[in-house]
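Participant: I have a structure I would like to understand better, so I am pasting it below and will then ask my questions one at a time.
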Amino acid sequence: MTRIDPFDEGSRLVGWLAVAVVLLAAVVTAGAFLADPTTATPDPVAYDDTVELGLSAETDAQMAGDATVPRAQVFYSQYQYVVGYNGVGTLIEALERDRTDRQFGFPLVVYVSTFDGSDPTTTDDELFAATDNPAWTPATDAVYVVGSNARSPAGEVVVPFADRTAATAFAADHGGEVVD
């Protein structure tokens, strides 16, 4: 019977390879738990791809032309679609209702349309208007002009901006106060 010398070079090489394979498997398995999917922030989507809430057909018709309504989009924890809100006020009302949490879960991320560089103004009827498509900004990073003369057929419009300087300039021209 031939005895295998545990200290010969071939046996040691096989042993080291076995240890390396086990360590590699452990590192790969542990790495799967390092990324937390709940902290990944989804990017905003095109507003047309949201489930839209907060604007009646009548109001939509009255807003035809240059008039616009600042919008928001929310990614909820228990709802597979992105919910789009027409108006920051509509968004706030929805987030304050207990029913929203029960129906959709909690908000993972909220984006608002911001109007820096889009020449925001009001029409002759004081409806809020902007020339370009707004950018999407996380709602917690935006600043807002409240109490200005900007309106929608439903009433006062809260106008979001990504930059405080742009918000201050809009408030200087249209009244209102800049708030976080």
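Residue numbers start at 1 in each chain; chains themselves are named A, B, ... in the order of the structure tokens; ligands are numbered from 1 in the order shown.
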Go through region 40-132 of chain A residue by residue and, counting only C-alpha atoms, keep those with an atom at most 6 Å from region 147-167 of chain A; for each kept residue give the shortest atom pair and its distance in Å to one decimal, ordered by chain and increasing number, as CSV.
Facilitator:
residue,atom,partner,partner_atom,distance
A:Thr114,CA,A:Phe161,CA,4.4
A:Phe115,CA,A:Phe161,CA,5.4
A:Asp116,CA,A:Phe161,CA,5.7
A:Thr122,CA,A:Ala150,CA,5.9
A:Glu126,CA,A:Ala150,CA,5.6
A:Leu127,CA,A:Arg151,CA,4.6
A:Phe128,CA,A:Ala150,CA,4.9
Participant: Keeping only N, CA, C and O atoms, write those residues as a CSV table (one decimal), in the first residue's frame.
Facilitator:
chain,number,residue,atom,x,y,z
A,114,THR,N,-39.0,71.2,-10.9
A,114,THR,CA,-38.4,72.5,-10.5
A,114,THR,C,-38.2,73.4,-11.7
A,114,THR,O,-37.9,72.9,-12.8
A,115,PHE,N,-38.4,74.7,-11.6
A,115,PHE,CA,-38.5,75.6,-12.7
A,115,PHE,C,-37.3,76.6,-12.9
A,115,PHE,O,-37.4,77.6,-13.5
A,116,ASP,N,-36.1,76.2,-12.3
A,116,ASP,CA,-35.0,77.1,-12.5
A,116,ASP,C,-34.6,77.1,-14.0
A,116,ASP,O,-34.6,76.1,-14.7
A,122,THR,N,-46.4,84.2,-15.0
A,122,THR,CA,-47.8,84.0,-14.9
A,122,THR,C,-48.4,84.6,-16.2
A,122,THR,O,-47.9,85.5,-16.8
A,126,GLU,N,-53.1,85.2,-14.5
A,126,GLU,CA,-52.3,84.8,-13.4
A,126,GLU,C,-52.2,83.3,-13.2
A,126,GLU,O,-51.9,82.8,-12.1
A,127,LEU,N,-52.4,82.6,-14.3
A,127,LEU,CA,-52.1,81.1,-14.2
A,127,LEU,C,-50.6,80.9,-14.3
A,127,LEU,O,-49.9,81.6,-15.1
A,128,PHE,N,-50.0,80.0,-13.6
A,128,PHE,CA,-48.6,79.7,-13.6
A,128,PHE,C,-48.2,79.2,-15.0
A,128,PHE,O,-48.9,78.4,-15.5
Participant: Would you list the contacts of Tyr79 (chain A) as a list in words, taking every protein, DNA or RNA residue within 9 Å and counting only C-alpha atoms, but skipping same-chain residues closer than 2 positions in sequence?
Facilitator: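 These residues fall inside the cut-off: Phe75, Tyr76, Ser77, Tyr81, Val82, Val83, Gln103, Phe104 and Gly105 of chain A.
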Participant: Measuring between only C-alpha atoms, which one of A:Thr121, A:Ala129, A:Pro70, A:Thr137 shows the shortest distance to Gly175 (chain A)?
Facilitator: A:Thr121
Participant: Tell me, in Å to one decimal, how far CA of Val74 (chain A) is from CA of Thr123 (chain A).
Facilitator: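 Separation between CA of Val74 (chain A) and CA of Thr123 (chain A): 28.6 Å.
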